[in-house]
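Chemist: Sharing entry29.json below, JSON, C-alpha atoms:
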```
[["chain", "number", "residue", "atom", "x", "y", "z"],
["A", 6, "MET", "CA", 0.00, 0.00, 0.00],
["A", 7, "ASN", "CA", 1.24, 3.44, -0.91],
["A", 8, "LEU", "CA", 0.58, 6.34, 1.51],
["A", 9, "ASP", "CA", 0.71, 9.91, 0.19],
["A", 10, "LEU", "CA", 0.58, 13.01, 2.37],
["A", 11, "LYS", "CA", -0.73, 16.33, 1.18],
["A", 12, "PRO", "CA", -0.44, 19.51, 3.31],
["A", 13, "VAL", "CA", -3.73, 21.18, 4.14],
["A", 14, "ARG", "CA", -5.07, 23.81, 6.53],
["A", 15, "VAL", "CA", -7.82, 22.46, 8.78],
["A", 16, "ALA", "CA", -10.53, 24.57, 10.45],
["A", 17, "THR", "CA", -10.59, 22.80, 13.83],
["A", 18, "GLY", "CA", -11.92, 25.88, 15.60],
["A", 19, "SER", "CA", -8.67, 26.03, 17.57],
["A", 20, "GLY", "CA", -5.03, 26.95, 17.01],
["A", 21, "ASP", "CA", -4.45, 23.50, 15.47],
["A", 22, "GLU", "CA", -4.46, 24.30, 11.75],
["A", 23, "GLU", "CA", -1.49, 22.63, 10.09],
["A", 24, "GLY", "CA", -2.74, 19.36, 8.67],
["A", 25, "ARG", "CA", -2.08, 16.51, 6.29],
["A", 26, "LEU", "CA", -4.52, 14.64, 4.10],
["A", 27, "ILE", "CA", -3.49, 10.98, 4.03],
["A", 28, "PHE", "CA", -4.18, 9.07, 0.85],
["A", 29, "ALA", "CA", -3.83, 5.27, 0.63],
["A", 30, "ASP", "CA", -3.47, 4.17, -2.98],
["A", 31, "GLY", "CA", -5.16, 7.39, -4.05],
["A", 32, "TYR", "CA", -8.05, 7.22, -1.58],
["A", 33, "LEU", "CA", -8.44, 9.74, 1.27],
["A", 34, "VAL", "CA", -8.32, 7.68, 4.49],
["A", 35, "ALA", "CA", -7.43, 10.15, 7.23],
["A", 36, "VAL", "CA", -6.74, 13.74, 8.26],
["A", 37, "LEU", "CA", -3.92, 14.49, 10.68],
["A", 38, "VAL", "CA", -3.47, 17.80, 12.48],
["A", 39, "GLN", "CA", -0.36, 19.08, 14.20],
["A", 40, "LEU", "CA", -1.10, 20.23, 17.75],
["A", 41, "SER", "CA", -0.36, 23.87, 18.52],
["A", 42, "ASP", "CA", 1.29, 25.36, 21.60],
["A", 43, "GLU", "CA", -2.15, 25.42, 23.26],
["A", 44, "HIS", "CA", -1.58, 21.73, 24.06],
["A", 45, "GLY", "CA", 1.46, 22.17, 26.29],
["A", 46, "ALA", "CA", 3.58, 19.02, 26.38],
["A", 47, "GLU", "CA", 1.63, 17.55, 23.45],
["A", 48, "ALA", "CA", 2.45, 20.52, 21.17],
["A", 49, "ARG", "CA", 3.86, 19.64, 17.72],
["A", 50, "LYS", "CA", 2.60, 16.06, 17.96],
["A", 51, "TRP", "CA", 0.19, 14.84, 15.27],
["A", 52, "PHE", "CA", -3.44, 14.18, 16.18],
["A", 53, "PHE", "CA", -5.61, 11.75, 14.24],
["A", 54, "GLU", "CA", -8.35, 14.27, 13.51],
["A", 55, "ALA", "CA", -10.57, 12.13, 11.31],
["A", 56, "GLY", "CA", -10.57, 8.74, 9.66],
["A", 57, "PHE", "CA", -12.68, 7.19, 6.94],
["A", 58, "GLY", "CA", -13.79, 3.65, 6.22],
["A", 59, "GLN", "CA", -11.72, 1.22, 8.30],
["A", 60, "LEU", "CA", -10.14, 4.15, 10.13],
["A", 61, "ALA", "CA", -13.47, 5.71, 11.20],
["A", 62, "GLY", "CA", -14.45, 5.40, 14.86],
["A", 63, "PRO", "CA", -13.66, 6.62, 18.32],
["A", 64, "ASP", "CA", -9.98, 5.66, 18.24],
["A", 65, "GLN", "CA", -8.10, 8.95, 17.69],
["A", 66, "PRO", "CA", -4.49, 8.66, 18.86],
["A", 67, "THR", "CA", -1.79, 11.30, 18.98],
["A", 68, "PHE", "CA", 1.56, 10.50, 17.35],
["A", 69, "ALA", "CA", 5.05, 11.82, 18.09],
["A", 70, "ASP", "CA", 5.74, 12.33, 14.36],
["A", 71, "LEU", "CA", 4.37, 11.61, 10.89],
["A", 72, "ASP", "CA", 6.34, 8.36, 10.50],
["A", 73, "GLU", "CA", 4.69, 6.97, 13.63],
["A", 74, "ALA", "CA", 1.29, 8.03, 12.26],
["A", 75, "LYS", "CA", 1.98, 6.39, 8.89],
["A", 76, "ALA", "CA", 3.06, 3.12, 10.57],
["A", 77, "TRP", "CA", -0.14, 3.06, 12.68],
["A", 78, "ILE", "CA", -2.36, 3.78, 9.66],
["A", 79, "THR", "CA", -0.60, 1.10, 7.60],
["A", 80, "ARG", "CA", -1.16, -1.48, 10.37],
["A", 81, "ARG", "CA", -4.84, -0.56, 10.62],
["A", 82, "LEU", "CA", -5.44, -0.78, 6.88],
["A", 83, "ARG", "CA", -3.93, -4.24, 6.46],
["B", 7, "MET", "CA", -9.25, 0.96, 58.67],
["B", 8, "ALA", "CA", -11.34, 2.83, 61.25],
["B", 9, "ALA", "CA", -14.91, 2.70, 62.51],
["B", 10, "GLY", "CA", -16.86, 5.63, 61.10],
["B", 11, "SER", "CA", -18.57, 7.97, 63.52],
["B", 12, "SER", "CA", -22.18, 8.93, 62.99],
["B", 13, "ALA", "CA", -20.98, 12.43, 61.98],
["B", 14, "GLU", "CA", -19.17, 10.86, 59.04],
["B", 15, "LYS", "CA", -22.49, 9.90, 57.47],
["B", 16, "ALA", "CA", -23.34, 13.60, 57.12],
["B", 17, "PRO", "CA", -22.64, 13.61, 53.35],
["B", 18, "LEU", "CA", -24.99, 10.64, 52.88],
["B", 19, "ILE", "CA", -27.74, 12.25, 54.93],
["B", 20, "ARG", "CA", -27.30, 15.53, 53.09],
["B", 21, "LYS", "CA", -27.42, 13.73, 49.78],
["B", 22, "LEU", "CA", -30.55, 11.70, 50.68],
["B", 23, "GLU", "CA", -32.27, 14.78, 52.07],
["B", 24, "SER", "CA", -31.52, 16.67, 48.86],
["B", 25, "ILE", "CA", -33.64, 14.15, 46.96],
["B", 26, "ALA", "CA", -36.16, 12.82, 49.53],
["B", 27, "ASN", "CA", -37.75, 13.48, 52.90],
["B", 28, "LEU", "CA", -36.35, 11.44, 55.79],
["B", 29, "SER", "CA", -38.11, 11.06, 59.13],
["B", 30, "ASP", "CA", -36.08, 11.85, 62.25],
["B", 31, "ALA", "CA", -36.02, 8.14, 63.11],
["B", 32, "ALA", "CA", -34.72, 7.18, 59.65],
["B", 33, "ARG", "CA", -32.08, 9.92, 59.78],
["B", 34, "GLU", "CA", -30.89, 8.59, 63.13],
["B", 35, "ALA", "CA", -30.85, 5.03, 61.82],
["B", 36, "VAL", "CA", -28.74, 6.07, 58.82],
["B", 37, "SER", "CA", -26.35, 7.89, 61.18],
["B", 38, "ALA", "CA", -26.09, 4.77, 63.32],
["B", 39, "LEU", "CA", -25.24, 2.41, 60.44],
["B", 40, "PRO", "CA", -22.09, 0.43, 61.17],
["B", 41, "MET", "CA", -19.33, 1.58, 58.84],
["B", 42, "THR", "CA", -15.62, 1.00, 58.49],
["B", 43, "VAL", "CA", -13.63, 3.82, 56.96],
["B", 44, "ARG", "CA", -10.55, 3.56, 54.80],
["B", 45, "VAL", "CA", -8.44, 6.12, 52.95],
["B", 46, "VAL", "CA", -7.96, 4.93, 49.37],
["B", 47, "GLU", "CA", -5.38, 6.53, 47.09],
["B", 48, "ALA", "CA", -6.30, 7.89, 43.64],
["B", 49, "ARG", "CA", -6.77, 5.44, 40.75],
["B", 50, "GLN", "CA", -7.48, 2.40, 42.89],
["B", 51, "ASP", "CA", -10.31, -0.03, 42.31],
["B", 52, "LEU", "CA", -12.97, -0.07, 45.02],
["B", 53, "ALA", "CA", -14.76, -2.92, 43.27],
["B", 54, "ARG", "CA", -14.08, -4.75, 40.03],
["B", 55, "ASP", "CA", -16.28, -6.03, 37.25],
["B", 56, "LYS", "CA", -17.72, -9.45, 38.33],
["B", 57, "ASP", "CA", -17.03, -8.86, 42.04],
["B", 58, "GLN", "CA", -19.65, -10.00, 44.53],
["B", 59, "PRO", "CA", -19.26, -7.47, 47.35],
["B", 60, "ALA", "CA", -20.82, -7.86, 50.80],
["B", 61, "HIS", "CA", -20.80, -4.11, 51.42],
["B", 62, "CYS", "CA", -21.62, -0.83, 49.67],
["B", 63, "CYS", "CA", -19.12, 2.01, 49.36],
["B", 64, "LEU", "CA", -20.13, 5.43, 50.68],
["B", 65, "LEU", "CA", -17.89, 8.24, 49.42],
["B", 66, "LEU", "CA", -16.99, 10.54, 52.33],
["B", 67, "THR", "CA", -14.40, 12.66, 50.54],
["B", 68, "GLY", "CA", -12.95, 12.67, 47.02],
["B", 69, "TRP", "CA", -14.24, 11.67, 43.58],
["B", 70, "ALA", "CA", -14.79, 8.21, 42.13],
["B", 71, "CYS", "CA", -16.17, 6.74, 38.92],
["B", 72, "ARG", "CA", -17.88, 3.70, 37.53],
["B", 73, "TYR", "CA", -16.24, 2.41, 34.36],
["B", 74, "LYS", "CA", -16.03, -0.29, 31.72],
["B", 75, "LEU", "CA", -12.79, -1.45, 30.12],
["B", 76, "LEU", "CA", -12.53, -2.55, 26.49],
["B", 77, "ASN", "CA", -9.61, -4.07, 24.58],
["B", 78, "GLU", "CA", -6.34, -2.13, 24.31],
["B", 79, "GLY", "CA", -7.04, -0.26, 27.54],
["B", 80, "ARG", "CA", -9.93, 1.73, 26.11],
["B", 81, "ARG", "CA", -11.99, 2.98, 29.05],
["B", 82, "GLN", "CA", -15.44, 4.47, 29.23],
["B", 83, "ILE", "CA", -16.25, 6.27, 32.46],
["B", 84, "LEU", "CA", -19.94, 5.63, 33.09],
["B", 85, "SER", "CA", -20.58, 8.04, 35.93],
["B", 86, "LEU", "CA", -18.79, 10.47, 38.24],
["B", 87, "HIS", "CA", -19.30, 10.30, 42.00],
["B", 88, "VAL", "CA", -18.80, 12.76, 44.82],
["B", 89, "PRO", "CA", -19.21, 12.67, 48.62],
["B", 90, "GLY", "CA", -22.59, 11.36, 49.74],
["B", 91, "ASP", "CA", -22.86, 8.98, 46.79],
["B", 92, "ILE", "CA", -23.11, 5.19, 47.16],
["B", 93, "PRO", "CA", -21.94, 4.29, 43.63],
["B", 94, "ASP", "CA", -22.36, 0.55, 44.11],
["B", 95, "SER", "CA", -25.74, 0.55, 45.83],
["B", 96, "GLN", "CA", -26.93, -1.81, 43.11],
["B", 97, "SER", "CA", -24.78, -4.52, 44.71],
["B", 98, "LEU", "CA", -27.33, -4.63, 47.51],
["B", 99, "HIS", "CA", -29.77, -6.34, 45.16],
["B", 100, "LEU", "CA", -27.72, -7.45, 42.13],
["B", 101, "ARG", "CA", -25.24, -10.09, 43.25],
["B", 102, "VAL", "CA", -22.56, -9.57, 40.59],
["B", 103, "LEU", "CA", -21.10, -6.19, 39.64],
["B", 104, "ASP", "CA", -21.31, -5.55, 35.88],
["B", 105, "HIS", "CA", -18.71, -2.74, 35.85],
["B", 106, "GLY", "CA", -15.78, -1.44, 37.87],
["B", 107, "LEU", "CA", -15.73, 1.25, 40.55],
["B", 108, "ALA", "CA", -12.52, 3.22, 41.10],
["B", 109, "THR", "CA", -11.26, 6.31, 42.89],
["B", 110, "LEU", "CA", -10.24, 9.25, 40.69],
["B", 111, "THR", "CA", -8.69, 11.21, 43.57],
["B", 112, "GLN", "CA", -7.66, 10.16, 47.05],
["B", 113, "CYS", "CA", -10.90, 9.27, 48.83],
["B", 114, "ARG", "CA", -12.15, 8.48, 52.29],
["B", 115, "VAL", "CA", -14.54, 5.62, 51.77],
["B", 116, "GLY", "CA", -17.05, 4.19, 54.22],
["B", 117, "PHE", "CA", -17.92, 0.53, 53.80],
["B", 118, "LEU", "CA", -21.51, -0.23, 54.78],
["B", 119, "PRO", "CA", -22.35, -3.94, 55.25],
["B", 120, "HIS", "CA", -25.20, -5.11, 53.01],
["B", 121, "GLU", "CA", -26.82, -6.79, 56.00],
["B", 122, "SER", "CA", -27.11, -3.48, 57.88],
["B", 123, "LEU", "CA", -28.44, -1.65, 54.82],
["B", 124, "ARG", "CA", -31.06, -4.37, 54.28],
["B", 125, "GLU", "CA", -32.13, -4.14, 57.90],
["B", 126, "LEU", "CA", -32.34, -0.34, 57.59],
["B", 127, "CYS", "CA", -34.62, -0.70, 54.57],
["B", 128, "VAL", "CA", -36.91, -3.17, 56.33],
["B", 129, "ARG", "CA", -37.21, -1.09, 59.50],
["B", 130, "PHE", "CA", -37.42, 2.35, 57.88],
["B", 131, "PRO", "CA", -39.46, 2.38, 54.69],
["B", 132, "ASP", "CA", -38.70, 6.07, 54.12],
["B", 133, "ALA", "CA", -34.95, 5.26, 54.10],
["B", 134, "ALA", "CA", -35.63, 2.42, 51.65],
["B", 135, "SER", "CA", -37.66, 4.75, 49.51],
["B", 136, "ALA", "CA", -34.90, 7.40, 49.57],
["B", 137, "LEU", "CA", -32.34, 4.82, 48.41],
["B", 138, "TRP", "CA", -34.74, 3.62, 45.72],
["B", 139, "ARG", "CA", -35.27, 7.21, 44.60],
["B", 140, "ASP", "CA", -31.50, 7.63, 44.49],
["B", 141, "THR", "CA", -31.14, 4.65, 42.12],
["B", 142, "LEU", "CA", -33.92, 6.03, 39.91],
["B", 143, "ILE", "CA", -32.13, 9.38, 39.71],
["B", 144, "ASP", "CA", -28.93, 7.45, 38.95],
["B", 145, "ALA", "CA", -30.75, 5.99, 35.94],
["B", 146, "ALA", "CA", -31.98, 9.45, 34.94],
["B", 147, "ILE", "CA", -28.37, 10.66, 34.96],
["B", 148, "PHE", "CA", -27.43, 7.73, 32.71],
["B", 149, "ARG", "CA", -30.15, 8.78, 30.26],
["B", 150, "GLU", "CA", -28.72, 12.30, 30.16],
["B", 151, "TRP", "CA", -25.18, 10.98, 29.61],
["B", 152, "MET", "CA", -26.39, 8.67, 26.84],
["B", 153, "THR", "CA", -28.12, 11.59, 25.15],
["B", 154, "GLY", "CA", -24.98, 13.68, 25.55],
["B", 155, "ILE", "CA", -22.51, 11.14, 24.21],
["B", 156, "GLY", "CA", -24.83, 10.27, 21.34],
["B", 157, "ARG", "CA", -26.10, 13.66, 20.32],
["B", 158, "ARG", "CA", -24.51, 16.64, 22.10],
["B", 159, "THR", "CA", -21.57, 18.51, 20.62],
["B", 160, "ALA", "CA", -18.22, 18.36, 22.42],
["B", 161, "HIS", "CA", -18.89, 21.87, 23.77],
["B", 162, "GLY", "CA", -22.34, 20.79, 24.92],
["B", 163, "ARG", "CA", -21.07, 17.68, 26.69],
["B", 164, "ILE", "CA", -18.49, 19.60, 28.70],
["B", 165, "ALA", "CA", -20.92, 22.40, 29.55],
["B", 166, "HIS", "CA", -23.49, 19.80, 30.65],
["B", 167, "VAL", "CA", -21.17, 17.85, 32.93],
["B", 168, "PHE", "CA", -19.94, 21.09, 34.53],
["B", 169, "CYS", "CA", -23.54, 22.11, 35.33],
["B", 170, "GLU", "CA", -24.42, 18.63, 36.60],
["B", 171, "MET", "CA", -21.41, 18.23, 38.88],
["B", 172, "TYR", "CA", -21.77, 21.76, 40.24],
["B", 173, "LEU", "CA", -25.36, 21.01, 41.31],
["B", 174, "LYS", "CA", -24.42, 17.59, 42.74],
["B", 175, "LEU", "CA", -21.62, 19.15, 44.79],
["B", 176, "HIS", "CA", -23.85, 22.02, 45.85],
["B", 177, "ALA", "CA", -26.43, 19.54, 47.15],
["B", 178, "VAL", "CA", -23.88, 18.15, 49.63],
["B", 179, "GLY", "CA", -22.45, 21.52, 50.59],
["B", 180, "LEU", "CA", -19.25, 21.28, 48.54],
["B", 181, "ALA", "CA", -19.94, 24.03, 46.01],
["B", 182, "GLU", "CA", -21.10, 27.60, 46.39],
["B", 183, "ASN", "CA", -21.33, 30.77, 44.31],
["B", 184, "HIS", "CA", -20.73, 28.85, 41.08],
["B", 185, "ARG", "CA", -17.35, 27.62, 42.23],
["B", 186, "CYS", "CA", -16.24, 24.11, 43.07],
["B", 187, "PRO", "CA", -13.06, 22.07, 43.03],
["B", 188, "TRP", "CA", -12.43, 20.16, 39.80],
["B", 189, "PRO", "CA", -9.94, 17.47, 40.83],
["B", 190, "ILE", "CA", -10.18, 15.00, 37.94],
["B", 191, "THR", "CA", -7.74, 14.97, 35.02],
["B", 192, "GLN", "CA", -8.62, 16.03, 31.47],
["B", 193, "THR", "CA", -8.12, 12.42, 30.41],
["B", 194, "ASP", "CA", -10.73, 11.32, 32.97],
["B", 195, "LEU", "CA", -13.09, 13.99, 31.69],
["B", 196, "GLY", "CA", -12.54, 12.83, 28.12],
["B", 197, "ASP", "CA", -13.14, 9.20, 29.08],
["B", 198, "ALA", "CA", -16.42, 10.25, 30.70],
["B", 199, "LEU", "CA", -17.60, 12.28, 27.71],
["B", 200, "GLY", "CA", -16.33, 10.12, 24.86],
["B", 201, "LEU", "CA", -13.85, 12.80, 23.79],
["B", 202, "THR", "CA", -10.11, 12.72, 23.16],
["B", 203, "ASN", "CA", -7.83, 14.70, 25.42],
["B", 204, "VAL", "CA", -7.15, 16.97, 22.42],
["B", 205, "HIS", "CA", -10.85, 17.78, 22.04],
["B", 206, "VAL", "CA", -11.28, 18.37, 25.78],
["B", 207, "ASN", "CA", -8.36, 20.79, 25.69],
["B", 208, "ARG", "CA", -9.76, 22.65, 22.67],
["B", 209, "MET", "CA", -13.23, 22.90, 24.24],
["B", 210, "LEU", "CA", -11.88, 24.19, 27.56],
["B", 211, "GLN", "CA", -9.85, 26.87, 25.78],
["B", 212, "ASP", "CA", -12.93, 27.86, 23.85],
["B", 213, "LEU", "CA", -15.19, 28.02, 26.94],
["B", 214, "ARG", "CA", -12.54, 30.21, 28.60],
["B", 215, "ALA", "CA", -12.28, 32.45, 25.52],
["B", 216, "GLN", "CA", -16.06, 32.88, 25.63],
["B", 217, "ALA", "CA", -15.73, 33.88, 29.33],
["B", 218, "LEU", "CA", -18.09, 31.10, 30.41],
["B", 219, "ILE", "CA", -15.64, 29.53, 32.86],
["B", 220, "GLY", "CA", -12.56, 30.57, 34.80],
["B", 221, "PRO", "CA", -8.98, 30.10, 33.66],
["B", 222, "ARG", "CA", -7.81, 27.37, 36.03],
["B", 223, "TYR", "CA", -8.65, 23.72, 35.40],
["B", 224, "SER", "CA", -8.34, 22.61, 39.04],
["B", 225, "GLU", "CA", -11.15, 24.88, 40.15],
["B", 226, "LEU", "CA", -14.37, 25.17, 38.19],
["B", 227, "VAL", "CA", -15.56, 28.78, 38.26],
["B", 228, "ILE", "CA", -18.71, 29.31, 36.23],
["B", 229, "TYR", "CA", -18.84, 32.95, 35.11],
["B", 230, "ASP", "CA", -22.10, 32.67, 33.21],
["B", 231, "TRP", "CA", -24.42, 29.95, 34.53],
["B", 232, "ASP", "CA", -27.27, 30.67, 32.13],
["B", 233, "ALA", "CA", -25.03, 30.66, 29.07],
["B", 234, "LEU", "CA", -23.34, 27.43, 30.18],
["B", 235, "CYS", "CA", -26.76, 25.79, 30.71],
["B", 236, "ALA", "CA", -27.86, 26.97, 27.27],
["B", 237, "LEU", "CA", -24.70, 25.62, 25.63],
["B", 238, "GLY", "CA", -25.11, 22.21, 27.31],
["B", 239, "GLU", "CA", -28.92, 22.19, 26.87],
["B", 240, "PHE", "CA", -28.88, 21.51, 30.58],
["B", 241, "ASP", "CA", -32.24, 21.14, 32.32],
["B", 242, "GLU", "CA", -31.79, 20.09, 35.94],
["B", 243, "THR", "CA", -35.18, 18.35, 36.16],
["B", 244, "TYR", "CA", -33.49, 14.93, 35.79],
["B", 245, "LEU", "CA", -31.58, 15.44, 39.05],
["B", 246, "HIS", "CA", -34.94, 15.58, 40.87],
["B", 247, "MET", "CA", -33.59, 17.69, 43.68],
["B", 248, "GLU", "CA", -36.01, 18.59, 46.44],
["B", 249, "ARG", "CA", -33.86, 21.53, 47.44],
["B", 250, "LYS", "CA", -32.80, 23.63, 44.50],
["B", 251, "ALA", "CA", -29.43, 25.35, 44.27],
["B", 252, "ALA", "CA", -29.58, 29.10, 43.84],
["B", 253, "ALA", "CA", -28.47, 29.10, 40.23]]
```
Since I need it in another form, could you write the structure as structure tokens?

Modeler:
Amino acid sequence: MNLDLKPVRVATGSGDEEGRLIFADGYLVAVLVQLSDEHGAEARKWFFEAGFGQLAGPDQPTFADLDEAKAWITRRLR
Amino acid sequence: MAAGSSAEKAPLIRKLESIANLSDAAREAVSALPMTVRVVEARQDLARDKDQPAHCCLLLTGWACRYKLLNEGRRQILSLHVPGDIPDSQSLHLRVLDHGLATLTQCRVGFLPHESLRELCVRFPDAASALWRDTLIDAAIFREWMTGIGRRTAHGRIAHVFCEMYLKLHAVGLAENHRCPWPITQTDLGDALGLTNVHVNRMLQDLRAQALIGPRYSELVIYDWDALCALGEFDETYLHMERKAAA
């Protein structure tokens, strides 16, 4: 499976705006958002803002970096 | 472990009298219930799923919660409890617990033997009826939480739980002038409301920016009660309090 990331600005209603659309083999599967300074120790981590299909649901982890997020998404989509 | 004095049942009596009328004799009988008291640190189980306890837990100080655990450590907090609550009163009639009960903060907990509670209910029907009423209100609170988790926005859920806990604490004399301690973590709050810690944090910042609540997390200060109620679509009818807080 091939994951592509595309930068995007996300209107979360907070300071968390910097995002990535995650495409798996051309299909949009998730939106990640980088946490702003408003989140203290969690700032600059990547939050799983939304998932589609197999990634939809209440499980919304926070990742230290984009590689960790990609590994988690790849595992979930297997 | 220590034997609880009759004065230690004050939160229970205050709680029961906030929802029902107790005769003098019933009040005295509740005060005279045998009780052992233990200090339990934060994040300890008071009872586990599938336990068959022989006593009920009366919270004297601190906050506790009922919860369910799913795979991979996913936790849903089912209810929040404060002094005066008997969160496992169902164990008096249902032999096996179908969820866990844990402290969220350090708590003083009174353990009331089932046998004594049963005897109280037989001898004092108004005490039995107050406990029954308490379990019915417990169910009403569950209905509100279900509605909230299923249909309220994240803002609405947080506003609603703030209003609910303020009134519950006020009923037992632990909140006044729209201020009360807020000792549980943001993660606990998220687990109760079905929200991630990130969402809880965003919502809190937003409620502060709207000047609905005060700036510090450890103390809930409600600046605008009416606006917070409106945001949470909070209608206190389901708490069925006999004595209303001055809201």

Chemist: Pick out the chain A residues within 8 Å of chain B. Count only C-alpha atoms. Give them as an MDAnalysis selection string.

Modeler: chainID A and resid 19 44 52 63 65

Chemist: Name the residues in contact with region 33-41 of chain A at a cut-off of 8 Å, using only C-alpha atoms, excluding same-chain residues fewer than 2 positions from it; report them as a list of chain:residue names.

Modeler: A:Val15, A:Gly20, A:Asp21, A:Glu22, A:Glu23, A:Gly24, A:Arg25, A:Leu26, A:Ile27, A:Phe28, A:Ala29, A:Gly31, A:Glu43, A:His44, A:Glu47, A:Ala48, A:Arg49, A:Lys50, A:Trp51, A:Phe52, A:Phe53, A:Glu54, A:Ala55, A:Gly56, A:Phe57, A:Gly58, A:Leu60

Chemist: To one decimal place in Å, what is the distance between CA of Gln59 (chain A) and CA of Leu82 (chain A)?

Modeler: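 These two atoms are separated by 6.7 Å.
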
Chemist: Tell me which protein, DNA and RNA residues are within 9 Å of region 96-98 of chain B, counting all atoms listed in the file, leaving out same-chain ones fewer than 3 positions away, and put them as number ranges by chain.

Modeler: B: 58-62, 92-93, 101-103, 120-121, 123-124, 141

Chemist: Kindly indicate which residue among B:Gly179, B:Pro221, B:Pro131, B:Gly154 lies nearest to Arg33 (chain B), using only C-alpha atoms for the distances.

Modeler: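 Selected residue with least distance to Arg33 (chain B): B:Pro131.
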
Chemist: Measuring between all atoms listed in the file, which one of B:Ala236, B:Ile228, B:Ala48, B:Leu75 shows the shortest distance to Met171 (chain B)?

Modeler: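 With all atoms listed in the file as the atom set, the closest residue is B:Ile228.
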
Chemist: Box time for region 159-164 of chain B: axis-aligned, enclosing all its listed atoms, 5 Å extra on each side; report centre and edge lengths in Å to one decimal, as lines of an AutoDock Vina configuration file.

Modeler:
```
center_x = -20.3
center_y = 19.8
center_z = 24.7
size_x = 14.1
size_y = 14.2
size_z = 18.1
```

Chemist: Between CA of Lys11 (chain A) and CA of Lys75 (chain A), what is the spacing in Å?

Modeler: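 So the two atoms, CA of Lys75 (chain A) and CA of Lys11 (chain A), lie 12.9 Å apart.
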
Chemist: Could you jot down the CA of Arg157 (chain B) to CA of Thr17 (chain A) separation for me, Å, one decimal place?

Modeler: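 Between these atoms lies a distance of 19.1 Å.
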
Chemist: For His166 (chain B), please output as a list in words all residues within 7 Å (counting only C-alpha atoms; exclusion window: fewer than 6 positions along the same chain).

Modeler: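 Non-adjacent residues within range: Cys235, Gly238 and Phe240 of chain B.
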
Chemist: Between B:Ala26, B:Lys174, B:Leu118, B:Ala215, which residue has the minimum interatomic distance to Gly18 (chain A), considering only C-alpha atoms?

Modeler: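 Looking at the shortest contact to Gly18 (chain A), the residue is B:Ala215.
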
Chemist: For Trp231 (chain B), which residue among B:Phe168, B:Leu199, B:Trp138, B:Leu39 is the nearest when counting only C-alpha atoms?

Modeler: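 The shortest atom-to-atom distance to Trp231 (chain B) comes from B:Phe168.
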
Chemist: Which residues are near Arg72 (chain B)? Cut-off 7 Å, only C-alpha atoms, ignore same chain within fewer than 5 positions. Put them as a PDB file with C-alpha atoms, keeping the file's coordinate frame.

Modeler:
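The resulting file, around-v7.pdb, is shown below:
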```
ATOM      1  CA  ILE B  83     -16.250   6.270  32.460  1.00  0.00           C
ATOM      2  CA  LEU B  84     -19.940   5.630  33.090  1.00  0.00           C
ATOM      3  CA  SER B  85     -20.580   8.040  35.930  1.00  0.00           C
ATOM      4  CA  LEU B  86     -18.790  10.470  38.240  1.00  0.00           C
ATOM      5  CA  HIS B 105     -18.710  -2.740  35.850  1.00  0.00           C
ATOM      6  CA  GLY B 106     -15.780  -1.440  37.870  1.00  0.00           C
ATOM      7  CA  LEU B 107     -15.730   1.250  40.550  1.00  0.00           C
ATOM      8  CA  ALA B 108     -12.520   3.220  41.100  1.00  0.00           C
TER       9      ALA B 108
END
```
